[in-house]
2 protein chains.
Amino acid sequence: MAALDATLARIDQNLDQALDRLFALIAIPSISTDPAYAQDCVHAAEWLVGELRGLGFDTTLRPTPGHPMVVAKARTGRPATGQKSAPHLLFYGHYDVQPPDPLDLWQTPPFAPRLAESASGKQIIGRGVADDKGQLMTFIEACRAYQETAGALPCDITILLEGEEESGSTSLPAFLAQNRDELAADLVLVCDTSMWDKKTPAITTMLRGLVLEEVVIQAADRDLHSGMFGGAAVNPIHVLAKIIADLHDDTHRITLPGFYDGVAELPKDVAEQWQHLPQEGHDFLGDVGLSQPAGEKGRSILEMIWARPTCDVNGIIGGYTGKGSKTVLPAKASAKFSFRLVGKQDPEKIAASFRSFVTAHLPPDCHATFISHGASPAHQLPFSSDALTRARAALKEEWGTETVLAGCGGSIPIVGAFKQDLGMDALMIGFGLDDDRIHSPNEKYELSSFHKGARSWVRVLAALAG
Amino acid sequence: MAALDATLARIDQNLDQALDRLFALIAIPSISTDPAYAQDCVHAAEWLVGELRGLGFDTTLRPTPGHPMVVAKARTGRPATGQKSAPHLLFYGHYDVQPPDPLDLWQTPPFAPRLAESASGKQIIGRGVADDKGQLMTFIEACRAYQETAGALPCDITILLEGEEESGSTSLPAFLAQNRDELAADLVLVCDTSMWDKKTPAITTMLRGLVLEEVVIQAADRDLHSGMFGGAAVNPIHVLAKIIADLHDDTHRITLPGFYDGVAELPKDVAEQWQHLPQEGHDFLGDVGLSQPAGEKGRSILEMIWARPTCDVNGIIGGYTGKGSKTVLPAKASAKFSFRLVGKQDPEKIAASFRSFVTAHLPPDCHATFISHGASPAHQLPFSSDALTRARAALKEEWGTETVLAGCGGSIPIVGAFKQDLGMDALMIGFGLDDDRIHSPNEKYELSSFHKGARSWVRVLAALAG
């Protein structure tokens, strides 16, 4: 433990210089979506190459059809033995940022980072500080502390930093496929998530999957006059509305046959933890003008958004939608459906079940056309995972409070790519907060997130290696 | 009967000159919706004033904020007696026409009327010939024949011709209100409807009313991310879809409380007539790519569109409706509803019932805003009406086949205005056909409609006066 304490102490000693390094990275406007900033993206990648080479990583700048990747490898050099060796870890982060618009809402320039005082302590302000430059630097600073105190990392580490996360990670899947052997590891660490609150660390163990289906229902071969035909001609808006209504039962469960196959109940301890989390700053519904959870009867709100699958219509259109009225019976109506998946739900089976359901609900003279907008499975790090147990304990050690095993209602596409292309589970640990204003003006990252985040990685690496 | 035969014979003798007169009227491009043709509208009105004065009518051109009205009065001069006198009739027609676009689809210029041969006989071609210049001229030619043979009309007649029917009859309601005493009569004759087919005359005895209601359902105070909130936040598209679905039961009856109050069953003889009408040219659904009536179980298609009320969504919109997908839970969704009314249904009560129904179906956190786009009752000429019985027999005499007592699924707003403002029922007799291409290129009117239409009015006037 003396060695670990020395490494942790080095994080504390390095804090001012670490901030200087982070500020230097934030000052590079690496906006990936705007071609005018392509050279800045290269500049940010090169800056990271320099940093990582300085820490002894075998580092390369790797061109892609878009912005370059940074790949850095550090090997402990320990000979392979028959014994269970320390794991090989792949750390993922991204150096690109969102555009800073609207600029006039920034209190200071977005790419001139600064420390600010707030009621709850010091905050770092700047575009990309929470998403994801500050977060990825917590890991690099942890590596630095190991190099500077122990002279080596506690296990083999590969770092992959991309520059297109904010513009769709377009080049990533092909890059993973083309460099499968080089990037293969036992576990991928992703630092792009949040804590439960400023004092409570979290590991995101589940991400919901997604099935996106659009359906167009066609009835007559033209729009009809609702006076001449109303009452006799089938109305595709009604047909679509009935299908939407029939997709949920009175308890708000989804009625698609086989939909809940692969959906497991939460382990008892996790369910209990979720019931007793501190509520401050977590009025999910009140913050958006709602008061009552509208999901499955008998489920808590966290279950609804983290651990239960959904069916939602994201858009619907049919007939006349301008001002005033028009007495039309439209020829067609369409809707975009999304299904959020959990556990082992099979996206293909759910898409097929949905299409069968719609087709079976069509009255005579109606025809449905389907368009898929994508399908991806949920990600679930097994609750029994040894790495999860170790990391959870390490974070508790640093923060002094139990680590929340969180879910995330949305998808993180790259996590799916690591699983699908490289067969790796992801351990998602991040130190962001819900109020970090990512993608918005005056993005911030708590200084405590940056400082204790780096210390957290020191402990997590020790725990995973140990 | 000798006098009637002479008047009918005069129609036959006058046919060529009557066509010349009709052609002269059609040649005036009285397009009411386009301000560039305002002077042509005045010209058409003045032309009609000249015609009617020539027939001895006390005729005036009456300015309005829009295009002028023509009001022509002919009084028999018979002293009022204690006996039941001949009725005073108000004839309504309109001299304005739709724009002829698209011009390139006309085989000959729209305002250069001509006679054309067709497989079924001669047709008159030109913009407005069926809607409504040819139709209104059948009545004026009937008046001419009376004047030329009997020297007088069989009863007091007022003729009202407007020039804004194709642009919303904007000035009509105020004009009726301001000239209530002058226009008061026992019955209004409207010649803007169709026959059942080329050989079968029809009197339209019922027009459906209309209630137009738009509803906006608001849930959260902003659009939400469907990953972050999906499963917990109420989706207003689902709420709206459920309401739409619940508005009909499994037999396609409308579930609004009190909705069918005032809806009577058809008289047995009318129901039987509808069941045995010639079907040629009446494949309503097949013509638009449908095969099966989708209305109330156990009702014929003519009942569905003529004699039964409806509830239809004319438009719906919510969430993302562009290309591809967007994982949004929208803050609101909206739909435009129309209710077609029959019999004595009360528009205000139905609008109120609808609003109560929607409000009662709202889950927590949802709010509905309503916008009325108008409400008007159905028009029903009583089946027991003496005028209807007489006119029906007169038409049968002319055409040699039973007169159909038809309905019309749509509204004719001016009929409602005559009822509401002047307390008059309308006897709707017209000689158009469903294939007349009104509002479309190459609009036509059968020569037989024009010729036998004028003869029909001679008979109907005699029957009503007798």
# chains A, B, ... in the order shown; residues from 1 in each chain; ligands from 1
$ interface_residues --of "chain A" --to "chain B" --cutoff "7 Å" --atoms "only C-alpha atoms" --output "number ranges by chain"
A: 220-222, 227-234, 237-238, 241-242, 244-245, 288-295, 301, 304-305, 310, 313-321, 324-330, 364-365, 373, 409-410
$ residues_around --residues "segment 417-424 of chain B" --least-positions-apart "2" --cutoff "7 Å" --atoms "only C-alpha atoms" --output "PyMOL selection string"
chain B and resi 173+176-177+180+184+186-188+413-415+426
$ select_by_dssp --residues "segment 54-184 of chain A" --states "alpha helix (DSSP H)" --output "ChimeraX atom specification"
/A:54,134-149,172-178,180-183
$ residues_around --residues "Glu165 of chain B" --least-positions-apart "6" --cutoff "9 Å" --atoms "only C-alpha atoms" --output "NGL selection string"
:B and (32 or 93-97 or 172 or 414)
$ write_last_selection --atoms "all heavy atoms" --output "PDB file, in the first residue's frame"
ATOM      1  N   SER B  32     -63.264  34.082 -59.442  1.00  0.00           N
ATOM      2  CA  SER B  32     -63.466  34.950 -58.278  1.00  0.00           C
ATOM      3  C   SER B  32     -62.257  35.026 -57.362  1.00  0.00           C
ATOM      4  O   SER B  32     -62.054  36.018 -56.680  1.00  0.00           O
ATOM      5  CB  SER B  32     -64.669  34.474 -57.468  1.00  0.00           C
ATOM      6  OG  SER B  32     -64.497  33.139 -57.038  1.00  0.00           O
ATOM      7  N   GLY B  93     -77.830  30.606 -57.364  1.00  0.00           N
ATOM      8  CA  GLY B  93     -76.769  30.053 -58.221  1.00  0.00           C
ATOM      9  C   GLY B  93     -75.541  30.937 -58.098  1.00  0.00           C
ATOM     10  O   GLY B  93     -75.561  31.965 -57.419  1.00  0.00           O
ATOM     11  N   HIS B  94     -74.438  30.532 -58.731  1.00  0.00           N
ATOM     12  CA  HIS B  94     -73.253  31.402 -58.687  1.00  0.00           C
ATOM     13  C   HIS B  94     -72.633  31.499 -60.078  1.00  0.00           C
ATOM     14  O   HIS B  94     -72.589  30.517 -60.814  1.00  0.00           O
ATOM     15  CB  HIS B  94     -72.243  30.938 -57.633  1.00  0.00           C
ATOM     16  CG  HIS B  94     -71.609  29.608 -57.888  1.00  0.00           C
ATOM     17  ND1 HIS B  94     -70.425  29.477 -58.577  1.00  0.00           N
ATOM     18  CD2 HIS B  94     -71.980  28.350 -57.534  1.00  0.00           C
ATOM     19  CE1 HIS B  94     -70.083  28.189 -58.622  1.00  0.00           C
ATOM     20  NE2 HIS B  94     -71.016  27.486 -58.006  1.00  0.00           N
ATOM     21  N   TYR B  95     -72.200  32.725 -60.380  1.00  0.00           N
ATOM     22  CA  TYR B  95     -71.657  32.975 -61.724  1.00  0.00           C
ATOM     23  C   TYR B  95     -70.133  32.915 -61.755  1.00  0.00           C
ATOM     24  O   TYR B  95     -69.521  33.044 -62.799  1.00  0.00           O
ATOM     25  CB  TYR B  95     -72.157  34.329 -62.258  1.00  0.00           C
ATOM     26  CG  TYR B  95     -71.704  35.531 -61.458  1.00  0.00           C
ATOM     27  CD1 TYR B  95     -70.410  36.048 -61.606  1.00  0.00           C
ATOM     28  CD2 TYR B  95     -72.562  36.148 -60.543  1.00  0.00           C
ATOM     29  CE1 TYR B  95     -69.990  37.139 -60.855  1.00  0.00           C
ATOM     30  CE2 TYR B  95     -72.149  37.240 -59.800  1.00  0.00           C
ATOM     31  CZ  TYR B  95     -70.862  37.738 -59.966  1.00  0.00           C
ATOM     32  OH  TYR B  95     -70.434  38.813 -59.233  1.00  0.00           O
ATOM     33  N   ASP B  96     -69.504  32.752 -60.581  1.00  0.00           N
ATOM     34  CA  ASP B  96     -68.035  32.710 -60.586  1.00  0.00           C
ATOM     35  C   ASP B  96     -67.555  31.280 -60.831  1.00  0.00           C
ATOM     36  O   ASP B  96     -68.303  30.319 -60.651  1.00  0.00           O
ATOM     37  CB  ASP B  96     -67.455  33.262 -59.287  1.00  0.00           C
ATOM     38  CG  ASP B  96     -67.864  32.464 -58.063  1.00  0.00           C
ATOM     39  OD1 ASP B  96     -69.041  32.031 -57.997  1.00  0.00           O
ATOM     40  OD2 ASP B  96     -67.019  32.246 -57.174  1.00  0.00           O
ATOM     41  N   VAL B  97     -66.299  31.167 -61.260  1.00  0.00           N
ATOM     42  CA  VAL B  97     -65.738  29.852 -61.612  1.00  0.00           C
ATOM     43  C   VAL B  97     -64.365  29.682 -60.973  1.00  0.00           C
ATOM     44  O   VAL B  97     -63.758  30.641 -60.500  1.00  0.00           O
ATOM     45  CB  VAL B  97     -65.607  29.689 -63.147  1.00  0.00           C
ATOM     46  CG1 VAL B  97     -66.963  29.842 -63.824  1.00  0.00           C
ATOM     47  CG2 VAL B  97     -64.583  30.672 -63.724  1.00  0.00           C
ATOM     48  N   LEU B 172     -71.599  36.536 -48.589  1.00  0.00           N
ATOM     49  CA  LEU B 172     -72.982  36.061 -48.593  1.00  0.00           C
ATOM     50  C   LEU B 172     -73.701  36.186 -47.250  1.00  0.00           C
ATOM     51  O   LEU B 172     -74.819  36.717 -47.209  1.00  0.00           O
ATOM     52  CB  LEU B 172     -73.051  34.624 -49.120  1.00  0.00           C
ATOM     53  CG  LEU B 172     -74.477  34.122 -49.372  1.00  0.00           C
ATOM     54  CD1 LEU B 172     -75.080  34.780 -50.605  1.00  0.00           C
ATOM     55  CD2 LEU B 172     -74.526  32.614 -49.496  1.00  0.00           C
ATOM     56  N   ILE B 414     -73.659  27.456 -48.169  1.00  0.00           N
ATOM     57  CA  ILE B 414     -74.743  28.421 -48.393  1.00  0.00           C
ATOM     58  C   ILE B 414     -76.104  27.854 -48.001  1.00  0.00           C
ATOM     59  O   ILE B 414     -76.996  28.591 -47.604  1.00  0.00           O
ATOM     60  CB  ILE B 414     -74.767  28.915 -49.858  1.00  0.00           C
ATOM     61  CG1 ILE B 414     -74.774  27.748 -50.820  1.00  0.00           C
ATOM     62  CG2 ILE B 414     -73.622  29.838 -50.156  1.00  0.00           C
ATOM     63  CD1 ILE B 414     -76.048  27.584 -51.530  1.00  0.00           C
TER      64      ILE B 414
END
$ select_by_dssp --residues "segment 132-296 of chain B" --states "strand (DSSP E or B)" --output "PyMOL selection string"
chain B and resi 157-162+187-190+194+197+200+202-207+209-218+224-225+248+254
$ closest_residue --among "B:Ala352, B:Ala378, B:Ala2, B:Ser384" --to "Ala150 of chain B" --atoms "only C-alpha atoms"
B:Ala2
$ atom_distance --atom1 "atom CA of Asp249 of chain B" --atom2 "atom CA of Gly407 of chain B"
25.2 Å
$ residues_around --residues "Met428 of chain B" --least-positions-apart "6" --cutoff "7 Å" --atoms "only C-alpha atoms" --output "NGL selection string"
:B and (189-191 or 193 or 203-205)
$ atom_distance --atom1 "atom CA of Arg459 of chain B" --atom2 "atom CA of Ser194 of chain B"
17.8 Å
$ atom_distance --atom1 "atom CA of Gln273 of chain A" --atom2 "atom CA of Gly134 of chain A"
28.6 Å
$ closest_atom_pairs --of "segment 47-123 of chain A" --to "segment 143-149 of chain A" --cutoff "12 Å" --atoms "only C-alpha atoms" --output "tab-separated table"
residue	atom	partner	partner_atom	distance
A:Glu51	CA	A:Arg144	CA	9.6
A:Leu52	CA	A:Arg144	CA	9.0
A:Arg53	CA	A:Arg144	CA	11.1
A:Gly54	CA	A:Arg144	CA	9.1
A:Leu55	CA	A:Arg144	CA	6.2
A:Gly56	CA	A:Gln147	CA	8.2
A:Phe57	CA	A:Cys143	CA	9.9
A:Ala72	CA	A:Cys143	CA	11.8
A:Lys73	CA	A:Cys143	CA	11.7
A:Ala74	CA	A:Cys143	CA	9.8
A:Thr76	CA	A:Gln147	CA	11.2
A:Phe91	CA	A:Cys143	CA	11.2
$ residues_around --residues "Lys199 of chain A" --least-positions-apart "6" --cutoff "9 Å" --atoms "only C-alpha atoms" --output "number ranges by chain"
A: 399-401
$ closest_residue --among "B:Ile438, B:Ile157, B:Ala24, B:Leu115" --to "Ala86 of chain B" --atoms "only C-alpha atoms"
B:Ile157
$ residues_around --residues "Arg392 of chain B" --least-positions-apart "3" --cutoff "8 Å" --atoms "only C-alpha atoms" --output "ChimeraX atom specification"
/B:203,388-389,395-396,402-403
$ residues_around --residues "Trp457 of chain A" --least-positions-apart "2" --cutoff "8 Å" --atoms "only C-alpha atoms" --output "MDAnalysis selection string"
chainID A and resid 138:139 142 453:455 459:461
$ write_last_selection --atoms "C-alpha atoms" --output "PDB file, in the first residue's frame"
ATOM      1  CA  THR A 138      -7.738  11.944 -15.600  1.00  0.00           C
ATOM      2  CA  PHE A 139      -6.535   8.643 -17.025  1.00  0.00           C
ATOM      3  CA  ALA A 142      -2.942   8.507 -13.505  1.00  0.00           C
ATOM      4  CA  GLY A 453     -10.862  11.298 -11.019  1.00  0.00           C
ATOM      5  CA  ALA A 454      -7.131  10.908 -11.619  1.00  0.00           C
ATOM      6  CA  ARG A 455      -6.723   9.438  -8.107  1.00  0.00           C
ATOM      7  CA  ARG A 459      -6.754   3.003  -7.501  1.00  0.00           C
ATOM      8  CA  VAL A 460      -8.810   1.281 -10.244  1.00  0.00           C
ATOM      9  CA  LEU A 461      -5.669   0.332 -12.180  1.00  0.00           C
TER      10      LEU A 461
END
